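Raw structure.txt, compact mmCIF, C-alpha atoms:
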```txt
# COMPACT_ATOMS: atom_id res chain seq x y z
CA MET F 1 0.00 0.00 0.00
CA GLU F 2 1.37 3.40 -0.94
CA ALA F 3 1.02 5.77 1.97
CA ASN F 4 -0.15 9.27 2.23
CA PRO F 5 -1.11 11.77 -0.46
CA LYS F 6 1.63 14.27 -1.10
CA LYS F 7 1.13 17.67 0.45
CA SER F 8 3.26 20.30 2.09
CA ILE F 9 2.65 21.19 5.68
CA GLY F 10 0.37 24.13 6.35
CA LYS F 11 -1.83 24.67 9.40
CA ARG F 12 -0.88 23.83 12.94
CA VAL F 13 -1.51 20.43 14.46
CA PRO F 14 -4.41 20.86 16.94
CA SER F 15 -3.26 21.24 20.53
CA GLU F 16 -6.66 20.57 22.09
CA LYS F 17 -7.53 17.28 23.71
CA PRO F 18 -8.43 14.98 20.77
CA PRO F 19 -12.06 13.81 20.36
CA PHE F 20 -10.90 10.19 20.01
CA THR F 21 -8.97 7.78 22.21
CA LEU F 22 -6.04 5.45 21.71
CA ALA F 23 -8.46 2.53 22.04
CA THR F 24 -10.48 3.94 19.12
CA LEU F 25 -7.37 4.08 16.97
CA LYS F 26 -6.30 0.55 17.89
CA LYS F 27 -9.76 -0.77 17.06
CA ALA F 28 -9.54 0.76 13.57
CA ILE F 29 -6.27 -1.02 12.76
CA PRO F 30 -6.60 -4.51 11.23
CA ALA F 31 -5.66 -7.20 13.76
CA HIS F 32 -2.88 -8.68 11.60
CA CYS F 33 -0.98 -5.36 11.76
CA PHE F 34 -0.09 -6.10 15.37
CA HIS F 35 1.54 -9.44 14.47
CA ARG F 36 5.34 -9.54 14.53
CA SER F 37 6.64 -12.25 12.21
CA LEU F 38 10.16 -13.46 12.97
CA LEU F 39 10.56 -14.88 9.46
CA ARG F 40 9.31 -11.76 7.72
CA SER F 41 11.40 -9.45 9.88
CA PHE F 42 14.53 -11.47 9.15
CA SER F 43 13.71 -11.43 5.44
CA TYR F 44 13.97 -7.63 5.41
CA LEU F 45 17.22 -7.77 7.34
CA VAL F 46 18.71 -10.35 4.99
CA TYR F 47 17.64 -8.25 2.00
CA ASP F 48 19.29 -5.11 3.42
CA LEU F 49 22.49 -6.95 4.30
CA SER F 50 22.60 -8.48 0.80
CA VAL F 51 22.20 -5.09 -0.85
CA CYS F 52 24.89 -3.59 1.39
CA TYR F 53 27.31 -6.41 0.59
CA ALA F 54 26.64 -6.08 -3.15
CA LEU F 55 27.26 -2.33 -2.99
CA PHE F 56 30.42 -2.91 -0.96
CA TYR F 57 31.70 -5.50 -3.42
CA VAL F 58 31.09 -3.28 -6.44
CA ALA F 59 32.69 -0.29 -4.72
CA LYS F 60 35.85 -2.03 -3.54
CA THR F 61 36.30 -3.89 -6.82
CA TYR F 62 35.51 -1.33 -9.49
CA ILE F 63 35.70 2.22 -8.12
CA PRO F 64 39.49 2.06 -7.52
CA ILE F 65 40.09 1.17 -11.17
CA LEU F 66 37.92 3.95 -12.57
CA PRO F 67 39.88 6.74 -14.29
CA SER F 68 40.12 10.08 -12.54
CA PRO F 69 37.92 12.06 -12.02
CA LEU F 70 35.19 9.39 -12.33
CA ASN F 71 36.40 7.66 -9.19
CA TYR F 72 36.02 10.89 -7.22
CA VAL F 73 32.40 11.06 -8.39
CA ALA F 74 31.67 7.38 -7.80
CA TRP F 75 32.76 7.30 -4.16
CA PRO F 76 30.27 9.91 -2.89
CA ILE F 77 27.47 8.18 -4.84
CA TYR F 78 28.41 4.91 -3.16
CA TRP F 79 28.62 6.58 0.26
CA PHE F 80 25.09 7.97 0.00
CA ILE F 81 23.42 4.84 -1.38
CA GLN F 82 25.27 2.52 0.99
CA GLY F 83 24.56 4.88 3.89
CA ALA F 84 20.85 4.90 3.04
CA PHE F 85 20.63 1.09 3.11
CA MET F 86 22.73 0.98 6.27
CA THR F 87 20.23 3.40 7.80
CA GLY F 88 17.54 0.87 6.87
CA ILE F 89 19.49 -1.67 8.94
CA TRP F 90 19.67 0.87 11.78
CA VAL F 91 15.88 1.19 11.56
CA ILE F 92 15.52 -2.58 11.98
CA GLY F 93 17.70 -2.31 15.09
CA HIS F 94 15.39 0.49 16.25
CA GLU F 95 12.45 -1.89 15.82
CA CYS F 96 14.26 -4.39 18.00
CA GLY F 97 14.49 -1.73 20.70
CA HIS F 98 10.71 -1.35 20.57
CA HIS F 99 10.11 -5.12 20.61
CA ALA F 100 8.62 -4.83 17.11
CA PHE F 101 10.98 -7.28 15.38
CA SER F 102 9.54 -10.52 16.75
CA GLU F 103 7.42 -12.01 19.51
CA TYR F 104 10.60 -12.94 21.41
CA ALA F 105 12.25 -10.22 23.47
CA TRP F 106 15.54 -12.10 23.67
CA VAL F 107 15.72 -12.34 19.87
CA ASP F 108 15.01 -8.62 19.54
CA ASN F 109 17.72 -7.79 22.08
CA ILE F 110 20.39 -9.94 20.42
CA VAL F 111 19.62 -8.75 16.89
CA GLY F 112 19.38 -5.12 18.01
CA LEU F 113 22.66 -5.34 19.94
CA VAL F 114 24.56 -6.76 16.97
CA LEU F 115 23.12 -4.35 14.40
CA HIS F 116 23.44 -1.19 16.45
CA SER F 117 26.91 -2.05 17.73
CA ALA F 118 28.09 -2.39 14.12
CA LEU F 119 26.60 1.06 13.49
CA MET F 120 28.27 2.64 16.55
CA THR F 121 25.06 2.92 18.57
CA PRO F 122 24.98 1.58 22.15
CA PHE F 123 21.83 -0.51 21.78
CA PHE F 124 20.51 -0.86 25.31
CA ALA F 125 21.56 2.63 26.40
CA TRP F 126 19.84 4.17 23.40
CA LYS F 127 16.84 1.83 23.84
CA TYR F 128 16.20 3.12 27.36
CA SER F 129 16.70 6.81 26.62
CA HIS F 130 14.57 6.47 23.48
CA ARG F 131 11.84 4.78 25.51
CA ARG F 132 11.76 7.87 27.74
CA HIS F 133 11.36 10.03 24.64
CA HIS F 134 8.31 7.99 23.65
CA SER F 135 6.95 8.28 27.19
CA ASN F 136 7.34 12.07 27.27
CA THR F 137 7.04 13.31 23.69
CA GLY F 138 6.16 16.97 23.47
CA SER F 139 6.89 17.71 27.13
CA LEU F 140 9.03 20.77 27.69
CA THR F 141 10.34 19.39 30.96
CA HIS F 142 10.55 15.63 30.48
CA ASP F 143 11.07 14.85 26.78
CA GLU F 144 14.43 13.27 26.02
CA VAL F 145 15.44 14.94 22.74
CA TYR F 146 14.87 18.01 20.57
CA LEU F 147 13.79 20.20 23.45
CA PRO F 148 12.91 23.72 22.27
CA ARG F 149 14.82 26.61 23.75
CA PHE F 150 13.11 29.55 25.39
CA GLU F 151 13.86 33.05 24.16
CA ASP F 152 15.96 33.92 27.20
CA THR F 153 18.13 30.80 26.73
CA ILE F 154 19.09 31.41 23.10
CA PRO F 155 22.92 31.29 22.89
CA TRP F 156 24.66 34.61 22.33
CA TYR F 157 26.10 33.46 19.02
CA SER F 158 22.70 32.65 17.49
CA LYS F 159 22.20 36.17 16.19
CA HIS F 160 25.44 35.84 14.21
CA LEU F 161 24.11 32.68 12.56
CA ASN F 162 20.70 34.18 11.77
CA ASN F 163 21.46 34.44 8.05
CA PRO F 164 21.60 32.00 5.12
CA VAL F 165 25.29 31.12 5.53
CA GLY F 166 24.92 30.73 9.28
CA ARG F 167 21.92 28.43 8.89
CA VAL F 168 23.79 26.22 6.45
CA ILE F 169 26.70 26.01 8.90
CA ARG F 170 24.31 25.02 11.69
CA ILE F 171 22.62 22.37 9.54
CA VAL F 172 25.86 20.77 8.30
CA SER F 173 27.42 20.69 11.77
CA MET F 174 24.23 19.24 13.21
CA LEU F 175 24.03 16.45 10.63
CA PHE F 176 27.46 15.03 11.39
CA LEU F 177 28.00 15.99 15.04
CA ALA F 178 24.59 15.92 16.74
CA PHE F 179 24.24 12.15 17.15
CA PRO F 180 27.77 11.51 18.51
CA LEU F 181 27.42 14.54 20.82
CA TYR F 182 24.08 13.27 22.07
CA LEU F 183 25.55 9.86 22.88
CA LEU F 184 28.75 11.24 24.41
CA PHE F 185 27.49 14.33 26.24
CA ASN F 186 23.67 14.05 26.22
CA ALA F 187 23.61 17.19 24.06
CA SER F 188 20.18 18.58 23.18
CA SER F 189 18.59 16.55 25.95
CA GLN F 190 17.44 17.03 29.52
CA LYS F 191 19.77 18.65 32.02
CA HIS F 192 20.85 16.50 34.96
CA ASP F 193 22.51 17.17 38.28
CA ARG F 194 25.73 15.65 37.00
CA PHE F 195 27.42 14.64 33.76
CA ALA F 196 25.30 12.28 31.66
CA ASN F 197 26.07 10.16 28.63
CA HIS F 198 25.05 6.87 27.02
CA TYR F 199 28.16 4.89 27.96
CA ASP F 200 28.35 5.35 31.74
CA PRO F 201 26.13 2.72 33.41
CA TYR F 202 25.78 5.06 36.40
CA SER F 203 24.70 7.98 34.25
CA PRO F 204 21.55 9.67 35.61
CA ILE F 205 19.85 8.68 32.36
CA PHE F 206 19.55 5.09 33.65
CA ASN F 207 18.04 3.40 36.68
CA ASP F 208 19.49 0.50 38.64
CA SER F 209 17.70 -2.19 36.63
CA GLU F 210 19.22 -0.89 33.37
CA ARG F 211 22.89 -0.51 34.33
CA LEU F 212 24.06 -4.05 33.49
CA GLN F 213 22.62 -3.84 29.99
CA VAL F 214 24.37 -0.50 29.47
CA VAL F 215 27.63 -2.35 30.22
CA ILE F 216 26.64 -4.94 27.59
CA SER F 217 26.06 -2.09 25.13
CA ASP F 218 29.53 -0.78 25.89
CA ALA F 219 30.99 -4.23 25.27
CA GLY F 220 29.26 -4.27 21.88
CA ILE F 221 30.75 -0.89 20.98
CA PHE F 222 34.26 -1.91 22.10
CA THR F 223 33.97 -5.13 20.08
CA ALA F 224 32.96 -3.16 16.99
CA LEU F 225 35.83 -0.71 17.53
CA TYR F 226 38.28 -3.60 17.76
CA VAL F 227 36.96 -5.04 14.51
CA PHE F 228 37.23 -1.61 12.89
CA TYR F 229 40.83 -1.27 14.11
CA SER F 230 41.75 -4.73 12.81
CA VAL F 231 40.22 -4.07 9.41
CA SER F 232 41.90 -0.67 9.17
CA LYS F 233 45.24 -2.20 10.10
CA ALA F 234 44.85 -4.94 7.49
CA HIS F 235 43.57 -2.80 4.60
CA GLY F 236 44.58 0.75 5.48
CA PHE F 237 42.50 3.50 7.02
CA ALA F 238 41.73 5.14 3.66
CA TRP F 239 40.20 1.89 2.36
CA PHE F 240 38.16 1.44 5.55
CA PHE F 241 37.00 5.04 5.49
CA CYS F 242 35.85 4.85 1.89
CA THR F 243 34.09 1.51 2.21
CA TYR F 244 32.52 1.79 5.68
CA LEU F 245 33.17 4.91 7.76
CA ALA F 246 31.94 7.40 5.16
CA PRO F 247 28.63 5.51 4.72
CA LEU F 248 28.39 5.37 8.52
CA LEU F 249 28.58 9.18 8.62
CA VAL F 250 25.67 9.19 6.17
CA VAL F 251 23.76 6.97 8.63
CA PHE F 252 24.37 9.53 11.39
CA ALA F 253 23.26 12.36 9.09
CA LEU F 254 20.10 10.60 7.92
CA PHE F 255 19.21 9.64 11.48
CA ILE F 256 19.44 13.29 12.54
CA ILE F 257 17.54 14.53 9.48
CA ILE F 258 14.68 12.13 10.15
CA THR F 259 14.37 12.62 13.90
CA TYR F 260 14.99 16.37 13.80
CA LEU F 261 12.32 16.97 11.16
CA HIS F 262 9.83 14.65 12.87
CA HIS F 263 9.91 16.84 15.96
CA THR F 264 11.04 20.29 14.78
CA ASN F 265 8.35 22.00 12.76
CA PRO F 266 6.51 25.33 13.18
CA THR F 267 3.18 23.46 13.16
CA LEU F 268 3.92 21.23 16.17
CA PRO F 269 2.93 22.13 19.75
CA HIS F 270 4.94 21.52 22.89
CA TYR F 271 3.46 21.50 26.37
CA ASP F 272 4.50 22.52 29.86
CA ASN F 273 3.45 20.54 32.91
CA SER F 274 0.08 22.27 33.12
CA GLU F 275 -1.01 21.00 29.69
CA TRP F 276 1.05 17.94 28.81
CA GLU F 277 -0.45 14.48 28.72
CA TRP F 278 0.92 11.44 26.93
CA PHE F 279 -1.73 11.17 24.20
CA ARG F 280 -1.51 14.82 23.16
CA GLY F 281 2.27 14.62 23.22
CA ALA F 282 2.33 11.50 21.05
CA LEU F 283 0.24 13.37 18.48
CA SER F 284 2.61 16.35 18.42
CA THR F 285 4.78 14.92 15.67
CA ILE F 286 4.60 14.72 11.91
CA ASP F 287 5.11 12.28 9.06
CA LEU F 288 7.64 13.00 6.31
CA ASP F 289 7.60 12.03 2.65
CA PHE F 290 11.13 11.32 1.43
CA GLY F 291 10.07 9.79 -1.90
CA TRP F 292 12.00 6.66 -2.86
CA LEU F 293 13.92 6.82 0.40
CA ASN F 294 10.73 5.94 2.31
CA ARG F 295 10.98 2.35 1.13
CA VAL F 296 14.75 2.08 1.71
CA LEU F 297 14.24 3.39 5.25
CA HIS F 298 11.39 0.95 5.91
CA HIS F 299 8.88 3.81 6.06
CA VAL F 300 10.20 5.11 9.36
CA THR F 301 9.76 8.52 7.73
CA ASN F 302 6.10 8.43 6.73
CA THR F 303 4.59 6.31 9.53
CA HIS F 304 6.00 8.18 12.51
CA ILE F 305 2.71 9.34 14.03
CA CYS F 306 1.43 5.77 14.10
CA HIS F 307 4.77 4.66 15.56
CA HIS F 308 4.49 7.11 18.44
CA LEU F 309 0.99 5.89 19.19
CA ILE F 310 1.72 2.15 18.93
CA SER F 311 5.44 1.48 18.74
CA THR F 312 5.25 -2.33 18.60
CA ILE F 313 3.70 -2.42 15.12
CA PRO F 314 6.41 -3.71 12.72
CA HIS F 315 7.42 -1.52 9.81
CA TYR F 316 5.88 -3.82 7.18
CA HIS F 317 2.43 -3.21 8.69
CA ALA F 318 2.91 0.44 9.60
CA LEU F 319 1.69 1.84 6.28
CA GLU F 320 -1.57 -0.09 6.46
CA ALA F 321 -2.01 0.90 10.10
CA THR F 322 -1.39 4.56 9.22
CA GLU F 323 -3.99 4.50 6.47
CA ALA F 324 -6.48 2.90 8.87
CA ILE F 325 -6.19 5.64 11.49
CA LYS F 326 -5.86 8.68 9.23
CA PRO F 327 -9.64 9.21 8.86
CA ILE F 328 -9.97 9.23 12.64
CA LEU F 329 -6.95 11.47 13.22
CA GLY F 330 -8.24 14.12 10.83
CA ASP F 331 -6.27 17.34 11.36
CA TYR F 332 -4.10 15.57 13.94
CA TYR F 333 -2.46 13.79 11.00
CA GLN F 334 -0.04 15.84 8.91
CA ILE F 335 2.60 14.83 6.39
CA ASP F 336 5.23 17.10 4.92
CA SER F 337 6.46 16.38 1.39
CA THR F 338 8.61 19.50 1.11
CA PRO F 339 12.07 18.66 -0.34
CA ILE F 340 14.43 17.61 2.45
CA HIS F 341 16.86 20.51 2.07
CA LYS F 342 14.00 23.01 2.23
CA MET F 343 12.55 21.35 5.34
CA LEU F 344 15.94 21.58 7.05
CA TYR F 345 16.41 25.22 6.11
CA ARG F 346 12.89 26.13 7.21
CA ALA F 347 13.41 24.46 10.60
CA ALA F 348 16.76 26.25 11.04
CA LYS F 349 15.10 29.57 10.22
CA GLU F 350 11.70 29.29 11.91
CA CYS F 351 12.28 26.97 14.90
CA ILE F 352 14.65 28.98 17.09
CA TYR F 353 12.74 29.11 20.37
CA ALA F 354 9.27 28.30 21.71
CA GLU F 355 6.69 30.37 23.58
CA PRO F 356 2.89 30.46 23.96
CA ASP F 357 0.77 32.59 21.64
CA HIS F 358 0.48 35.98 23.30
CA ASP F 359 -3.25 36.25 22.60
CA SER F 360 -4.08 32.69 23.67
CA LYS F 361 -5.57 31.55 26.95
CA ASP F 362 -3.58 28.31 26.67
CA LYS F 363 -0.33 29.55 28.19
CA GLY F 364 0.91 25.99 28.66
CA VAL F 365 0.98 25.34 24.88
CA TYR F 366 4.18 26.47 23.19
CA TRP F 367 4.93 27.03 19.51
CA TYR F 368 8.17 27.56 17.64
CA ARG F 369 9.17 31.07 16.69
CA ALA F 370 11.71 32.52 14.30
CA TYR F 371 14.57 34.56 15.76
CA LYS F 372 13.32 37.69 17.53
CA GLU F 373 9.82 37.15 16.19
CA LYS F 374 7.11 38.84 18.21
CA ASN F 375 3.54 37.58 18.01
```

Represent the structure from my file as structure tokens, please.
Amino acid sequence: MEANPKKSIGKRVPSEKPPFTLATLKKAIPAHCFHRSLLRSFSYLVYDLSVCYALFYVAKTYIPILPSPLNYVAWPIYWFIQGAFMTGIWVIGHECGHHAFSEYAWVDNIVGLVLHSALMTPFFAWKYSHRRHHSNTGSLTHDEVYLPRFEDTIPWYSKHLNNPVGRVIRIVSMLFLAFPLYLLFNASSQKHDRFANHYDPYSPIFNDSERLQVVISDAGIFTALYVFYSVSKAHGFAWFFCTYLAPLLVVFALFIIITYLHHTNPTLPHYDNSEWEWFRGALSTIDLDFGWLNRVLHHVTNTHICHHLISTIPHYHALEATEAIKPILGDYYQIDSTPIHKMLYRAAKECIYAEPDHDSKDKGVYWYRAYKEKN
């Protein structure tokens, strides 16, 4: 089923309490959409791994023998395509973190640990922090990622970047640095009483029952790093960078593009403690239409609203589930088909800080503003 008519985003997502319930939405979704097939899930993983190996084989065999400057053109094309399919593998690992890969939690944990470790993501640590994001989406005080700034907390240097060149600099630096900085320093997340990151089992991000699995995540990362070192030593760093590390940077960039745009849009509300509730927060996100990339990314882009409502639905049923609930969601469902680069630039320009509408009685509902905008 092909999801979602193409349209660009326009009016705001309603911030009022919705006239439907989660139970109503679940009832509208066909029962088979909730079934997690181990065989079918593995079939998608095997397909992605096969494509990635084929791309790797072609790149390492034929690009080095291309005449200059064709080889300099071929490598970036390989990096992007390989990175896109590797992001699809990351998405499958993400499904494992939500227990959407199979009916067996132990299978999901093993598969997710292996896949995410190979992609430099600490599986269990990210799983637990991401779970808190799903539990607190749209909350100004408790959400885990992409928290809006308030006007009085805008960094001093922002005004110097409030121009086309500055916005491009912000976007490029965000694409390649935001995910590692989030994992290493909890950047763009909640503030804690002490230093927090995704590798310290005693980080305030985690509770006592989660600490051992954070250590297991660390072991997975160290194992992957050792493999990377061994391969680099055997084949040379330049070879390893061109065949694997550069596509991995594309994974990081695509991950940030997707998650940033899902939650950073002028049409999306955020709530303080006086207004926030889980259901309204889960609806304060948006679907994205990335064209042919939707399929490569297992539709994580254009089924995100459904995913925030029911995160255990596997990706191969998410389109059908989305179509089933769209008539009920009404204006609470929005999809943005603006070209990716324009979406990024718009967010960098118009989503600088958040505040309530000055003429609204709902002072606990916050909306993004452009720099120094006054309502």

### Query
So, counting only C-alpha atoms, which residue among F:Ile313, F:Val145, F:Ala347, F:Val73 is closest to Arg36 of chain F?
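Of all the options, F:Ile313 lies closest to Arg36 of chain F.
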
Report, in Å with one decimal, the straight-line distance from atom CA of Gln82 of chain F to atom CA of Leu119 of chain F.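 So the answer is 12.7 Å.
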
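Atom CA of Glu323 of chain F to atom CA of Tyr104 of chain F spans 27.2 Å [interatomic distance, one decimal].
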
Show me, as a PyMOL selection string, the residues that have an atom within 10 Å of Asp200 of chain F when counting only C-alpha atoms, minus same-chain residues fewer than 6 positions from it. chain F and resi 125+184+206+211+214-215+218

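Here atom CA of Glu144 of chain F stands at a distance of 22.7 Å from atom CA of Arg12 of chain F.
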
request  = Rank F:Trp106, F:Tyr244, F:Phe80, F:Tyr182 by their smallest atom-to-atom distance to His198 of chain F, using all atoms listed in the file, and report the top residue only.
outcome  =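 Result for the nearest residue to His198 of chain F: F:Tyr182.
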
For the point (32.6, 0.8, -1.8) in the file's frame, write as a ChimeraX atom specification all residues with an atom no more than 10 Å away, counting all atoms listed in the file. /F:52-64,74-79,82,239-244,246-247

Neighbour list for Glu16 of chain F as a list in words, cut-off 8 Å, all atoms listed in the file, skip fewer than 2 positions in-chain: Pro14, Pro18 and Arg280 of chain F

Just to be explicit: take each residue in the selection above, keep C-alpha atoms, and write the result as a short mmCIF file (atom, residue, chain, number, x, y, z; two decimals), in the coordinates of the input.
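File produced: result_25.cif:
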```cif
data_model
loop_
_atom_site.label_atom_id
_atom_site.label_comp_id
_atom_site.auth_asym_id
_atom_site.auth_seq_id
_atom_site.Cartn_x
_atom_site.Cartn_y
_atom_site.Cartn_z
CA PRO F 14 -4.41 20.86 16.94
CA PRO F 18 -8.43 14.98 20.77
CA ARG F 280 -1.51 14.82 23.16
#
```

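Around the coordinate (28.2, 14.5, 30.1), residues that reach within 7 Å when counting all atoms listed in the file are Leu184, Phe185, Asn186, Phe195, Ala196 and Asn197 of chain F.
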
Please, could you write that set of residues out with C-alpha atoms as an mmCIF file, in the frame of the given file?
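The file below, again-v4.cif, is the result:
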```cif
data_model
loop_
_atom_site.group_PDB
_atom_site.id
_atom_site.type_symbol
_atom_site.label_atom_id
_atom_site.label_comp_id
_atom_site.auth_asym_id
_atom_site.auth_seq_id
_atom_site.Cartn_x
_atom_site.Cartn_y
_atom_site.Cartn_z
ATOM 1 C CA LEU F 184 28.750 11.240 24.410
ATOM 2 C CA PHE F 185 27.490 14.330 26.240
ATOM 3 C CA ASN F 186 23.670 14.050 26.220
ATOM 4 C CA PHE F 195 27.420 14.640 33.760
ATOM 5 C CA ALA F 196 25.300 12.280 31.660
ATOM 6 C CA ASN F 197 26.070 10.160 28.630
#
```
